[in-house]
$ cat model-v5.txt   # compact mmCIF, C-alpha atoms and all ligand atoms
# COMPACT_ATOMS: atom_id res chain seq x y z
CA MET A 1 117.52 -46.87 59.22
CA LYS A 2 114.44 -45.72 61.12
CA VAL A 3 112.55 -42.52 60.36
CA LEU A 4 109.69 -41.18 62.46
CA VAL A 5 107.07 -39.08 60.67
CA LEU A 6 104.99 -36.68 62.75
CA ASN A 7 101.85 -34.78 61.83
CA SER A 8 100.99 -32.50 64.72
CA GLY A 9 97.59 -30.82 64.82
CA SER A 10 96.26 -28.39 67.41
CA SER A 11 94.95 -31.22 69.60
CA SER A 12 96.46 -34.29 67.97
CA ILE A 13 99.67 -36.06 67.02
CA LYS A 14 99.69 -38.62 64.25
CA TYR A 15 102.87 -40.63 63.91
CA ARG A 16 104.35 -43.38 61.81
CA LEU A 17 107.67 -45.12 62.24
CA PHE A 18 109.32 -46.46 59.09
CA ASP A 19 112.17 -48.86 58.64
CA MET A 20 113.51 -47.35 55.44
CA ALA A 21 115.38 -50.53 54.48
CA GLY A 22 112.21 -52.18 53.16
CA LEU A 23 109.98 -49.10 53.43
CA ALA A 24 108.15 -51.03 56.15
CA VAL A 25 105.88 -49.39 58.71
CA VAL A 26 107.11 -50.54 62.13
CA ALA A 27 104.50 -48.71 64.17
CA SER A 28 101.89 -46.04 63.82
CA GLY A 29 99.46 -44.23 66.00
CA VAL A 30 97.29 -41.29 66.76
CA ILE A 31 96.85 -39.25 69.91
CA GLU A 32 93.67 -37.19 69.93
CA GLN A 33 91.84 -34.66 72.07
CA ILE A 34 95.10 -33.47 73.62
CA GLY A 35 94.33 -30.85 76.27
CA GLU A 36 90.77 -32.06 76.78
CA LYS A 37 89.42 -33.97 79.78
CA GLU A 38 89.57 -37.30 78.04
CA SER A 39 92.37 -37.82 75.53
CA HIS A 40 92.92 -40.99 73.52
CA LEU A 41 95.93 -42.80 72.20
CA LYS A 42 95.77 -45.63 69.71
CA HIS A 43 99.02 -47.30 68.82
CA THR A 44 99.63 -50.13 66.36
CA SER A 45 102.86 -52.10 66.45
CA MET A 46 103.82 -53.95 63.32
CA PRO A 47 106.97 -55.90 64.14
CA ALA A 48 108.73 -57.49 61.15
CA GLY A 49 107.46 -61.05 60.77
CA GLY A 50 105.36 -60.77 63.94
CA GLN A 51 101.71 -60.21 64.79
CA SER A 52 100.54 -56.63 64.84
CA GLU A 53 99.35 -55.41 68.21
CA ILE A 54 97.04 -52.54 69.12
CA ILE A 55 97.43 -50.58 72.33
CA GLU A 56 94.77 -48.08 73.39
CA LYS A 57 94.91 -45.64 76.27
CA SER A 58 92.47 -43.03 77.50
CA GLY A 59 92.89 -40.37 80.13
CA SER A 60 94.09 -36.85 80.33
CA ILE A 61 97.00 -35.88 78.08
CA ALA A 62 97.65 -32.27 79.00
CA ASP A 63 99.78 -31.20 76.06
CA HIS A 64 101.88 -32.30 73.07
CA ARG A 65 104.87 -32.78 75.34
CA GLN A 66 103.05 -35.39 77.41
CA GLY A 67 101.66 -36.98 74.23
CA PHE A 68 105.10 -37.26 72.68
CA GLY A 69 106.41 -38.76 75.92
CA MET A 70 103.70 -41.43 75.87
CA MET A 71 104.41 -42.24 72.25
CA GLU A 72 108.12 -42.56 72.94
CA GLU A 73 107.47 -44.84 75.90
CA ILE A 74 105.20 -47.13 73.89
CA LEU A 75 107.69 -47.24 71.01
CA ARG A 76 110.37 -48.32 73.49
CA GLN A 77 108.17 -50.77 75.42
CA THR A 78 107.07 -52.54 72.25
CA GLY A 79 110.66 -52.77 71.03
CA ALA A 80 110.15 -50.53 67.98
CA ILE A 81 113.09 -48.39 69.13
CA LYS A 82 115.49 -48.55 72.06
CA HIS A 83 115.78 -44.79 72.33
CA THR A 84 114.84 -41.80 70.17
CA SER A 85 118.55 -41.21 69.55
CA GLU A 86 118.45 -44.31 67.37
CA LEU A 87 116.24 -42.53 64.82
CA ALA A 88 117.99 -41.41 61.64
CA ALA A 89 115.61 -38.46 61.42
CA ILE A 90 112.19 -37.14 62.30
CA GLY A 91 110.16 -35.81 59.37
CA HIS A 92 107.47 -33.25 60.20
CA ARG A 93 104.50 -32.30 58.11
CA VAL A 94 104.31 -28.52 57.98
CA VAL A 95 101.26 -27.06 56.32
CA HIS A 96 102.51 -23.67 55.12
CA GLY A 97 105.93 -23.05 53.67
CA GLY A 98 104.99 -19.80 51.93
CA GLU A 99 107.24 -18.77 49.07
CA GLU A 100 110.35 -19.59 51.04
CA PHE A 101 110.22 -23.35 50.90
CA HIS A 102 110.20 -25.10 47.53
CA GLU A 103 111.80 -28.18 49.06
CA PRO A 104 111.94 -29.91 52.44
CA ALA A 105 114.32 -28.28 54.91
CA VAL A 106 116.50 -29.49 57.74
CA ILE A 107 115.15 -27.68 60.79
CA THR A 108 117.51 -25.10 62.22
CA GLU A 109 116.79 -22.03 64.33
CA LYS A 110 116.63 -20.02 61.10
CA VAL A 111 114.12 -22.41 59.54
CA LEU A 112 111.99 -22.38 62.71
CA LYS A 113 111.96 -18.60 62.59
CA ARG A 114 110.81 -18.65 58.97
CA ILE A 115 108.04 -21.17 59.72
CA ARG A 116 106.97 -18.94 62.61
CA SER A 117 106.88 -15.93 60.31
CA LEU A 118 104.33 -17.80 58.17
CA VAL A 119 101.85 -18.24 61.04
CA PRO A 120 99.62 -15.36 59.81
CA LEU A 121 99.11 -17.33 56.57
CA ALA A 122 98.19 -20.56 58.39
CA PRO A 123 97.07 -19.50 61.88
CA LEU A 124 95.46 -22.84 62.69
CA HIS A 125 98.09 -25.18 61.32
CA ASN A 126 101.61 -23.77 61.54
CA PRO A 127 101.51 -23.12 65.30
CA ALA A 128 100.50 -26.74 65.91
CA ASN A 129 103.20 -28.00 63.53
CA LEU A 130 105.73 -25.81 65.36
CA THR A 131 104.68 -27.20 68.73
CA GLY A 132 105.25 -30.72 67.39
CA ILE A 133 108.71 -29.77 66.11
CA GLU A 134 109.71 -28.07 69.36
CA VAL A 135 108.63 -31.04 71.47
CA ALA A 136 110.40 -33.50 69.18
CA MET A 137 113.58 -31.41 69.36
CA GLU A 138 113.37 -31.45 73.12
CA PHE A 139 112.97 -35.25 73.27
CA ALA A 140 115.48 -36.03 70.55
CA PRO A 141 117.96 -33.14 70.48
CA LYS A 142 120.60 -34.99 68.50
CA VAL A 143 118.26 -36.35 65.82
CA VAL A 144 118.01 -34.49 62.51
CA GLN A 145 114.55 -32.95 62.14
CA VAL A 146 113.17 -32.20 58.71
CA ALA A 147 110.17 -30.09 57.70
CA VAL A 148 108.19 -31.23 54.65
CA PHE A 149 105.75 -28.58 53.45
CA ASP A 150 102.26 -29.11 52.07
CA THR A 151 102.72 -26.09 49.84
CA ALA A 152 106.19 -26.91 48.45
CA PHE A 153 105.16 -28.98 45.42
CA HIS A 154 102.97 -26.12 44.19
CA GLN A 155 105.74 -23.54 44.30
CA SER A 156 106.49 -24.24 40.62
CA MET A 157 103.21 -22.55 39.63
CA PRO A 158 103.82 -19.64 37.27
CA GLU A 159 102.99 -16.13 38.41
CA TYR A 160 100.01 -15.87 36.07
CA ALA A 161 98.49 -18.90 37.82
CA PHE A 162 99.27 -18.00 41.42
CA LEU A 163 98.40 -14.29 41.46
CA TYR A 164 94.93 -12.98 42.26
CA ALA A 165 93.66 -10.03 40.24
CA LEU A 166 94.14 -7.66 43.16
CA PRO A 167 96.37 -4.60 43.41
CA ARG A 168 99.95 -5.92 43.31
CA LYS A 169 100.62 -4.41 46.71
CA MET A 170 98.41 -7.10 48.31
CA TYR A 171 100.84 -9.73 47.06
CA GLU A 172 104.03 -7.84 47.69
CA GLU A 173 103.18 -6.55 51.14
CA TYR A 174 100.82 -9.17 52.51
CA GLY A 175 101.70 -12.34 50.61
CA VAL A 176 98.20 -12.60 49.14
CA ARG A 177 98.58 -15.22 46.40
CA ARG A 178 97.63 -18.81 45.73
CA TYR A 179 99.88 -21.33 47.49
CA GLY A 180 97.97 -24.62 47.19
CA PHE A 181 97.96 -27.47 49.70
CA HIS A 182 97.99 -31.30 49.76
CA GLY A 183 101.27 -30.95 47.81
CA THR A 184 102.88 -34.01 49.40
CA SER A 185 99.93 -36.17 48.36
CA HIS A 186 99.74 -34.82 44.78
CA HIS A 187 103.49 -35.31 44.39
CA TYR A 188 103.40 -38.85 45.81
CA VAL A 189 100.59 -40.19 43.63
CA ALA A 190 101.96 -38.47 40.53
CA LYS A 191 105.34 -40.17 41.05
CA GLU A 192 103.61 -43.49 41.70
CA ALA A 193 101.70 -43.05 38.43
CA SER A 194 104.95 -42.53 36.55
CA VAL A 195 106.23 -45.81 38.02
CA CYS A 196 103.01 -47.61 37.02
CA LEU A 197 103.10 -46.15 33.53
CA GLY A 198 106.80 -46.99 33.21
CA ARG A 199 107.59 -43.46 32.03
CA PRO A 200 109.86 -40.77 33.47
CA PHE A 201 108.04 -38.37 35.78
CA ASN A 202 109.47 -35.34 34.01
CA GLU A 203 107.94 -36.43 30.72
CA LEU A 204 104.39 -36.79 31.98
CA ASN A 205 101.41 -34.45 32.04
CA LEU A 206 99.10 -35.49 34.85
CA ILE A 207 96.01 -34.30 36.68
CA THR A 208 95.82 -35.47 40.29
CA LEU A 209 92.62 -35.33 42.34
CA HIS A 210 93.02 -35.57 46.11
CA LEU A 211 89.50 -36.12 47.42
CA GLY A 212 89.13 -36.58 51.18
CA ASN A 213 87.66 -34.29 53.81
CA GLY A 214 89.60 -31.53 52.10
CA ASP A 215 89.68 -31.71 48.32
CA SER A 216 92.04 -30.36 45.71
CA ILE A 217 93.14 -30.97 42.15
CA ALA A 218 96.52 -30.27 40.56
CA ALA A 219 97.75 -29.88 36.99
CA ILE A 220 101.26 -31.27 36.57
CA ARG A 221 103.29 -30.54 33.43
CA LYS A 222 106.42 -32.62 32.91
CA GLY A 223 106.68 -33.38 36.62
CA GLU A 224 106.04 -29.82 37.82
CA CYS A 225 102.85 -28.46 39.30
CA VAL A 226 101.50 -25.63 37.14
CA ASP A 227 98.15 -25.07 38.84
CA THR A 228 96.09 -26.27 41.77
CA SER A 229 92.63 -25.52 43.08
CA MET A 230 93.33 -24.53 46.69
CA GLY A 231 94.47 -20.95 47.04
CA MET A 232 95.93 -18.71 49.68
CA THR A 233 94.11 -20.97 52.14
CA PRO A 234 92.53 -24.40 51.67
CA LEU A 235 89.11 -22.79 51.28
CA GLU A 236 89.33 -22.14 47.54
CA GLY A 237 88.39 -24.55 44.78
CA LEU A 238 86.42 -27.75 45.01
CA ILE A 239 83.40 -28.42 47.21
CA MET A 240 84.74 -30.16 50.32
CA GLY A 241 83.41 -31.92 53.41
CA THR A 242 82.70 -28.70 55.29
CA ARG A 243 84.31 -26.01 53.07
CA SER A 244 82.40 -24.17 50.39
CA GLY A 245 85.23 -23.98 47.86
CA ASP A 246 84.83 -21.29 45.18
CA LEU A 247 82.15 -18.70 45.63
CA ASP A 248 81.49 -15.08 44.75
CA PRO A 249 83.50 -13.13 47.37
CA ALA A 250 80.74 -10.53 47.47
CA ILE A 251 78.57 -13.10 49.30
CA ILE A 252 80.70 -12.42 52.37
CA PHE A 253 79.93 -8.68 52.33
CA TYR A 254 76.28 -9.37 51.62
CA LEU A 255 75.94 -11.80 54.53
CA ALA A 256 77.81 -9.49 56.87
CA ARG A 257 75.45 -6.66 56.03
CA GLN A 258 72.24 -8.68 55.99
CA THR A 259 72.80 -10.94 58.99
CA GLY A 260 75.25 -8.97 61.11
CA MET A 261 77.61 -11.96 61.14
CA GLY A 262 81.14 -11.05 62.15
CA LEU A 263 84.40 -12.17 60.54
CA ASP A 264 84.79 -15.19 62.83
CA ASP A 265 81.20 -16.31 62.17
CA LEU A 266 81.73 -16.05 58.43
CA ASP A 267 85.04 -17.86 58.66
CA ASN A 268 83.31 -20.64 60.57
CA LEU A 269 80.40 -20.72 58.12
CA LEU A 270 82.61 -21.12 55.05
CA ASN A 271 85.19 -23.47 56.56
CA LYS A 272 83.16 -25.60 58.96
CA GLU A 273 79.47 -25.44 58.04
CA SER A 274 79.44 -25.38 54.26
CA GLY A 275 80.44 -27.82 51.52
CA LEU A 276 78.74 -31.22 51.66
CA LYS A 277 77.71 -30.62 55.27
CA GLY A 278 76.03 -27.35 54.39
CA LEU A 279 74.27 -28.92 51.44
CA CYS A 280 72.86 -32.03 53.09
CA GLY A 281 73.70 -31.97 56.79
CA VAL A 282 76.62 -34.44 56.82
CA ASN A 283 80.15 -34.33 55.47
CA ASP A 284 80.89 -38.04 55.24
CA MET A 285 80.69 -39.16 51.63
CA ARG A 286 79.86 -42.76 52.60
CA GLU A 287 76.81 -41.62 54.50
CA ILE A 288 75.80 -39.17 51.77
CA ALA A 289 76.05 -41.87 49.09
CA GLY A 290 73.97 -44.22 51.27
CA ARG A 291 71.29 -41.58 51.79
CA ALA A 292 71.26 -40.68 48.10
CA GLU A 293 70.74 -44.33 47.22
CA LYS A 294 67.68 -44.38 49.49
CA GLY A 295 66.25 -41.43 47.62
CA ASP A 296 67.35 -38.50 49.81
CA LYS A 297 67.14 -35.54 47.39
CA GLN A 298 69.52 -33.21 49.26
CA ALA A 299 72.15 -35.93 49.46
CA GLY A 300 71.75 -36.69 45.75
CA LEU A 301 72.09 -33.00 44.91
CA ALA A 302 75.18 -32.66 47.12
CA ILE A 303 76.93 -35.48 45.22
CA ARG A 304 75.89 -33.98 41.94
CA MET A 305 77.24 -30.56 42.85
CA PHE A 306 80.46 -32.07 44.22
CA CYS A 307 81.06 -33.93 40.95
CA TYR A 308 79.99 -31.04 38.73
CA ARG A 309 82.56 -28.73 40.36
CA LEU A 310 85.18 -31.45 39.98
CA LYS A 311 84.35 -31.90 36.33
CA LYS A 312 84.66 -28.17 35.66
CA TYR A 313 88.14 -28.16 37.21
CA LEU A 314 89.10 -31.32 35.39
CA GLY A 315 88.11 -29.77 32.07
CA SER A 316 89.92 -26.53 32.80
CA TYR A 317 93.12 -28.35 33.77
CA MET A 318 92.92 -30.36 30.56
CA ALA A 319 92.88 -27.03 28.77
CA VAL A 320 95.79 -25.78 30.91
CA LEU A 321 97.91 -28.81 30.02
CA GLY A 322 96.81 -29.25 26.41
CA HIS A 323 97.94 -32.85 26.42
CA VAL A 324 97.15 -35.15 29.36
CA ASP A 325 98.70 -38.58 29.92
CA GLY A 326 96.87 -39.54 33.08
CA ILE A 327 94.22 -38.58 35.60
CA ILE A 328 94.76 -39.91 39.12
CA PHE A 329 92.18 -40.24 41.86
CA THR A 330 93.32 -40.45 45.48
CA GLY A 331 92.18 -39.70 49.08
CA GLY A 332 89.34 -41.37 50.99
CA ILE A 333 86.73 -40.44 48.36
CA GLY A 334 89.01 -40.68 45.30
CA GLU A 335 90.14 -44.17 46.31
CA ASN A 336 86.81 -45.55 47.51
CA ALA A 337 83.91 -43.90 45.71
CA PRO A 338 83.46 -45.27 42.16
CA LEU A 339 80.28 -43.20 41.82
CA VAL A 340 82.21 -39.95 42.22
CA ARG A 341 84.85 -41.06 39.69
CA GLU A 342 82.13 -42.06 37.25
CA LEU A 343 80.12 -38.85 37.57
CA CYS A 344 83.02 -36.47 37.25
CA CYS A 345 84.33 -38.22 34.12
CA GLN A 346 80.89 -38.65 32.57
CA GLY A 347 80.53 -37.09 29.11
CA LEU A 348 84.25 -36.46 28.65
CA GLU A 349 84.60 -38.96 25.79
CA GLY A 350 85.21 -36.09 23.37
CA LEU A 351 88.16 -35.01 25.52
CA GLY A 352 89.63 -38.52 25.50
CA VAL A 353 88.43 -39.75 28.89
CA VAL A 354 86.34 -42.93 29.01
CA ILE A 355 85.93 -44.95 32.20
CA ASP A 356 85.25 -48.69 32.11
CA PRO A 357 82.35 -49.16 34.61
CA ARG A 358 83.50 -52.67 35.51
CA LYS A 359 87.13 -51.70 36.16
CA ASN A 360 85.92 -48.66 38.08
CA LYS A 361 84.34 -50.95 40.69
CA GLU A 362 87.46 -53.10 41.13
CA ARG A 363 89.89 -52.76 44.00
CA LYS A 364 93.60 -53.24 43.77
CA GLU A 365 96.73 -52.49 45.75
CA GLY A 366 99.07 -50.11 43.96
CA CYS A 367 97.77 -48.73 40.73
CA LEU A 368 94.27 -49.48 39.45
CA GLU A 369 93.68 -48.42 35.85
CA ILE A 370 89.99 -47.79 35.26
CA GLN A 371 89.94 -46.36 31.73
CA ALA A 372 88.18 -48.18 28.89
CA ASP A 373 90.18 -49.39 25.88
CA ALA A 374 88.79 -46.46 23.88
CA SER A 375 90.17 -43.90 26.37
CA ARG A 376 93.09 -41.82 25.09
CA ILE A 377 93.91 -40.76 28.64
CA LYS A 378 94.75 -43.22 31.42
CA VAL A 379 92.55 -42.92 34.49
CA MET A 380 94.05 -44.36 37.65
CA VAL A 381 93.21 -44.91 41.29
CA ILE A 382 96.27 -44.74 43.54
CA ALA A 383 96.18 -44.75 47.34
CA THR A 384 97.98 -41.76 48.77
CA ASN A 385 100.66 -42.17 51.40
CA GLU A 386 101.74 -38.76 52.64
CA GLU A 387 103.68 -40.22 55.57
CA LEU A 388 105.79 -42.40 53.29
CA GLU A 389 106.43 -39.43 51.01
CA ILE A 390 107.54 -37.35 54.02
CA ALA A 391 109.84 -40.20 55.12
CA ARG A 392 111.29 -40.50 51.60
CA GLN A 393 111.87 -36.79 51.24
CA THR A 394 113.46 -36.73 54.69
CA VAL A 395 115.89 -39.50 53.74
CA LYS A 396 116.64 -37.83 50.39
CA LEU A 397 117.60 -34.67 52.23
CA LEU A 398 119.77 -36.64 54.68
CA ASP A 399 121.56 -38.32 51.79
CA ALA A 400 122.14 -35.00 50.07
CA SER A 401 123.53 -33.26 53.15
P1 LIG B 501 91.24 -36.68 55.27
O1 LIG B 501 91.14 -35.62 54.24
O2 LIG B 501 90.76 -36.26 56.62
O3 LIG B 501 92.57 -37.42 55.29
P2 LIG B 501 90.21 -39.05 53.98
O4 LIG B 501 91.18 -38.95 52.85
O5 LIG B 501 90.32 -40.21 54.89
O6 LIG B 501 90.15 -37.74 54.85
O7 LIG B 501 88.75 -39.04 53.32
C1 LIG B 501 87.60 -39.00 54.09
C2 LIG B 501 86.40 -39.06 53.14
O8 LIG B 501 86.47 -40.28 52.39
C3 LIG B 501 85.07 -39.09 53.89
O9 LIG B 501 84.14 -38.24 53.20
C4 LIG B 501 84.65 -40.52 53.76
O10 LIG B 501 83.26 -40.68 53.78
C5 LIG B 501 85.18 -40.87 52.39
N1 LIG B 501 85.20 -42.32 52.18
C6 LIG B 501 85.95 -43.23 52.80
N2 LIG B 501 85.60 -44.48 52.38
C7 LIG B 501 84.60 -44.32 51.47
C8 LIG B 501 83.81 -45.21 50.68
N3 LIG B 501 83.98 -46.52 50.75
N4 LIG B 501 82.88 -44.67 49.86
C9 LIG B 501 82.69 -43.34 49.81
N5 LIG B 501 83.40 -42.45 50.52
C10 LIG B 501 84.35 -42.92 51.34
$ encode --input "model-v5.txt" --output "structure tokens"
Amino acid sequence: MKVLVLNSGSSSIKYRLFDMAGLAVVASGVIEQIGEKESHLKHTSMPAGGQSEIIEKSGSIADHRQGFGMMEEILRQTGAIKHTSELAAIGHRVVHGGEEFHEPAVITEKVLKRIRSLVPLAPLHNPANLTGIEVAMEFAPKVVQVAVFDTAFHQSMPEYAFLYALPRKMYEEYGVRRYGFHGTSHHYVAKEASVCLGRPFNELNLITLHLGNGDSIAAIRKGECVDTSMGMTPLEGLIMGTRSGDLDPAIIFYLARQTGMGLDDLDNLLNKESGLKGLCGVNDMREIAGRAEKGDKQAGLAIRMFCYRLKKYLGSYMAVLGHVDGIIFTGGIGENAPLVRELCCQGLEGLGVVIDPRKNKERKEGCLEIQADASRIKVMVIATNEELEIARQTVKLLDAS
């Protein structure tokens, strides 16, 4: 049974084809700069038992339709599929599912309409996700299409955690509340942790830290998310690559008045020019860590601030949960930056978290436990795999329907 997973951005399509029998990736690829003069496609074929092969193409790819067509052709030419009709399903990542979607959904006209109605909440992401779905439906009209929402896992948050202290009308009439994002990743690594710990998911209290270009943390009680750091949009919470995370909202009024910046400028400032980039000029943690090592003060301060914010959230989620079984690091930074893991757990011995510096530097497929023997709480590094989680949830829905 083959399942194609699609993640469509405004100018990109990322795809991964799974053979669900052995959960094997048959092919994957990314098409970028769609709609620009020079677009790029990079495809990797991974035939069972064969050599993997990389195909790269550059040129103009006018739109998602053309991009999808190229992907389909390459999948056929390399023997990954004979025709799209052979797919058991296509699973789509959809960023915003609002309050409507607690679970993945088989895409119907009604579901499309509901995703469209959520565009005001995710004006950059949902339209691109919708374009991807529409194109896929055009190319593979008989194949079941499933939407898996980034917000769905967080829908179990209680009202006292998801509401902002604003007049209730703002929530009821405009949907202003915390939704949270990265849900598929938090859910995936939390379930993987339960497998590693050999304990049922619905008995575990976990804190998951997804640290990549965007960063978020989630508190999971007995398998259900009870709080997360991103809010109505992904801007809230931790310091990120280019996003500020939490700040005093009055700064926005102050800057508007003092500098004359408009709403779009401020939006751009907080989402694209702040965070690590705002603090030290670059948003890539590898580069920042390298600079800090060479004595760059701004880079050192940026790492310190990043980890301090993380630690504050970690401590508050420990308080939220009361009892914590495990803390899980994932995402490009969470998986690869021992320094960040060390700094944000530093001084938490009294709360039951002690990292073993030697284990923290190790690398391992699957689940790497990095806590010291004296640690009451397990600390783990688990690579995220959102595409696999989307494929699994897609198949689960197929089986159930
Ligand atoms: P995205 O959120 O776009 O999926 P990733 O999860 O790939 O991003 O994370 C990207 C971040 O991970 C970048 O800041 C990158 O520098 C960081 N990263 C990747 N590898 C390392 C490493 N070895 N050490 C430190 N940071 C790393």
$ axis_aligned_box --input "model-v5.txt" --around "ligand LIG 501 (chain B)" --padding-each-side "5 Å" --output "lines of an AutoDock Vina configuration file"
center_x = 87.6
center_y = -41.1
center_z = 53.2
size_x = 19.9
size_y = 20.9
size_z = 16.8
$ residues_near_ligand --input "model-v5.txt" --ligand "ligand LIG 501 (chain B)" --cutoff "10 Å" --atoms "all atoms listed in the file" --output "number ranges by chain"
A: 182, 210-215, 240-242, 276, 282-290, 330-340, 383-384, 386
$ closest_residue --input "model-v5.txt" --among "A:Glu173, A:Asp267, A:Glu387, A:Asp227" --to "Met157 of chain A" --atoms "all atoms listed in the file"
A:Asp227
$ atom_distance --input "model-v5.txt" --atom1 "atom CA of Cys280 of chain A" --atom2 "atom CA of Ala299 of chain A"
5.4 Å
$ atom_distance --input "model-v5.txt" --atom1 "atom CA of Val144 of chain A" --atom2 "atom CA of Glu86 of chain A"
11.0 Å
$ closest_atom_pairs --input "model-v5.txt" --of "segment 94-206 of chain A" --to "segment 68-84 of chain A" --cutoff "12 Å" --atoms "all atoms listed in the file" --output "JSON lines"
{"residue": "A:Thr131", "atom": "CA", "partner": "A:Phe68", "partner_atom": "CA", "distance": 10.8}
{"residue": "A:Gly132", "atom": "CA", "partner": "A:Phe68", "partner_atom": "CA", "distance": 8.4}
{"residue": "A:Ile133", "atom": "CA", "partner": "A:Phe68", "partner_atom": "CA", "distance": 10.6}
{"residue": "A:Glu134", "atom": "CA", "partner": "A:Phe68", "partner_atom": "CA", "distance": 10.8}
{"residue": "A:Val135", "atom": "CA", "partner": "A:Phe68", "partner_atom": "CA", "distance": 7.3}
{"residue": "A:Ala136", "atom": "CA", "partner": "A:Phe68", "partner_atom": "CA", "distance": 7.4}
{"residue": "A:Met137", "atom": "CA", "partner": "A:Thr84", "partner_atom": "CA", "distance": 10.5}
{"residue": "A:Glu138", "atom": "CA", "partner": "A:Phe68", "partner_atom": "CA", "distance": 10.1}
{"residue": "A:Phe139", "atom": "CA", "partner": "A:Thr84", "partner_atom": "CA", "distance": 7.5}
{"residue": "A:Ala140", "atom": "CA", "partner": "A:Thr84", "partner_atom": "CA", "distance": 5.8}
{"residue": "A:Pro141", "atom": "CA", "partner": "A:Thr84", "partner_atom": "CA", "distance": 9.2}
{"residue": "A:Lys142", "atom": "CA", "partner": "A:Thr84", "partner_atom": "CA", "distance": 9.1}
{"residue": "A:Val143", "atom": "CA", "partner": "A:Thr84", "partner_atom": "CA", "distance": 7.8}
{"residue": "A:Val144", "atom": "CA", "partner": "A:Thr84", "partner_atom": "CA", "distance": 11.1}
{"residue": "A:Gln145", "atom": "CA", "partner": "A:Thr84", "partner_atom": "CA", "distance": 12.0}
$ closest_residue --input "model-v5.txt" --among "A:Ile327, A:Leu17, A:Ala128, A:Val25" --to "Gly352 of chain A" --atoms "only C-alpha atoms"
A:Ile327
$ atom_distance --input "model-v5.txt" --atom1 "atom CA of Asp246 of chain A" --atom2 "atom CA of Gly281 of chain A"
19.3 Å
$ closest_atom_pairs --input "model-v5.txt" --of "segment 94-161 of chain A" --to "segment 217-222 of chain A" --cutoff "12 Å" --atoms "all atoms listed in the file" --output "CSV"
residue,atom,partner,partner_atom,distance
A:Thr151,CA,A:Ala218,CA,11.9
A:Phe153,CA,A:Ile220,CA,9.9
A:His154,CA,A:Ala218,CA,8.5
A:Gln155,CA,A:Ile220,CA,11.8
A:Ser156,CA,A:Ile220,CA,9.7
A:Met157,CA,A:Ile220,CA,9.4
A:Pro158,CA,A:Arg221,CA,11.6
A:Ala161,CA,A:Ala219,CA,11.0
$ residues_around --input "model-v5.txt" --residues "Gly366 of chain A" --least-positions-apart "3" --cutoff "9 Å" --atoms "all atoms listed in the file" --output "PyMOL selection string"
chain A and resi 192+196+381-383
$ closest_residue --input "model-v5.txt" --among "A:Ala391, A:Leu398, A:Gly275, A:Asp248" --to "Leu4 of chain A" --atoms "all atoms listed in the file"
A:Ala391
$ closest_residue --input "model-v5.txt" --among "A:Met20, A:Leu247, A:Cys344, A:Leu351" --to "Ala88 of chain A" --atoms "only C-alpha atoms"
A:Met20
$ residues_around --input "model-v5.txt" --residues "segment 314-317 of chain A" --least-positions-apart "6" --cutoff "12 Å" --atoms "all atoms listed in the file" --output "MDAnalysis selection string"
chainID A and resid 161 205:209 216:221 225:229 237:238 307:308 323:324 326:329 341 343:353
$ write_last_selection --input "model-v5.txt" --atoms "C-alpha atoms" --output "compact mmCIF listing (two decimals), in the frame of the given file"
# COMPACT_ATOMS: atom_id res chain seq x y z
CA ALA A 161 98.49 -18.90 37.82
CA ASN A 205 101.41 -34.45 32.04
CA LEU A 206 99.10 -35.49 34.85
CA ILE A 207 96.01 -34.30 36.68
CA THR A 208 95.82 -35.47 40.29
CA LEU A 209 92.62 -35.33 42.34
CA SER A 216 92.04 -30.36 45.71
CA ILE A 217 93.14 -30.97 42.15
CA ALA A 218 96.52 -30.27 40.56
CA ALA A 219 97.75 -29.88 36.99
CA ILE A 220 101.26 -31.27 36.57
CA ARG A 221 103.29 -30.54 33.43
CA CYS A 225 102.85 -28.46 39.30
CA VAL A 226 101.50 -25.63 37.14
CA ASP A 227 98.15 -25.07 38.84
CA THR A 228 96.09 -26.27 41.77
CA SER A 229 92.63 -25.52 43.08
CA GLY A 237 88.39 -24.55 44.78
CA LEU A 238 86.42 -27.75 45.01
CA CYS A 307 81.06 -33.93 40.95
CA TYR A 308 79.99 -31.04 38.73
CA HIS A 323 97.94 -32.85 26.42
CA VAL A 324 97.15 -35.15 29.36
CA GLY A 326 96.87 -39.54 33.08
CA ILE A 327 94.22 -38.58 35.60
CA ILE A 328 94.76 -39.91 39.12
CA PHE A 329 92.18 -40.24 41.86
CA ARG A 341 84.85 -41.06 39.69
CA LEU A 343 80.12 -38.85 37.57
CA CYS A 344 83.02 -36.47 37.25
CA CYS A 345 84.33 -38.22 34.12
CA GLN A 346 80.89 -38.65 32.57
CA GLY A 347 80.53 -37.09 29.11
CA LEU A 348 84.25 -36.46 28.65
CA GLU A 349 84.60 -38.96 25.79
CA GLY A 350 85.21 -36.09 23.37
CA LEU A 351 88.16 -35.01 25.52
CA GLY A 352 89.63 -38.52 25.50
CA VAL A 353 88.43 -39.75 28.89
$ closest_residue --input "model-v5.txt" --among "A:Leu87, A:Leu368, A:Ala250, A:Met232" --to "Met170 of chain A" --atoms "all atoms listed in the file"
A:Met232
$ residues_around --input "model-v5.txt" --residues "Leu235 of chain A" --least-positions-apart "6" --cutoff "8 Å" --atoms "all atoms listed in the file" --output "list in words"
Arg243, Ser244, Gly245, Asp246, Leu270 and Asn271 of chain A
$ closest_residue --input "model-v5.txt" --among "A:Glu103, A:Glu342, A:Glu236, A:Asp296" --to "Gln393 of chain A" --atoms "all atoms listed in the file"
A:Glu103
$ residues_around --input "model-v5.txt" --residues "Val94 of chain A" --least-positions-apart "5" --cutoff "12 Å" --atoms "only C-alpha atoms" --output "ChimeraX atom specification"
/A:5-9,101,103-105,107,111-112,114-116,118-119,122,124-133,145-152,181-184,386-387,390
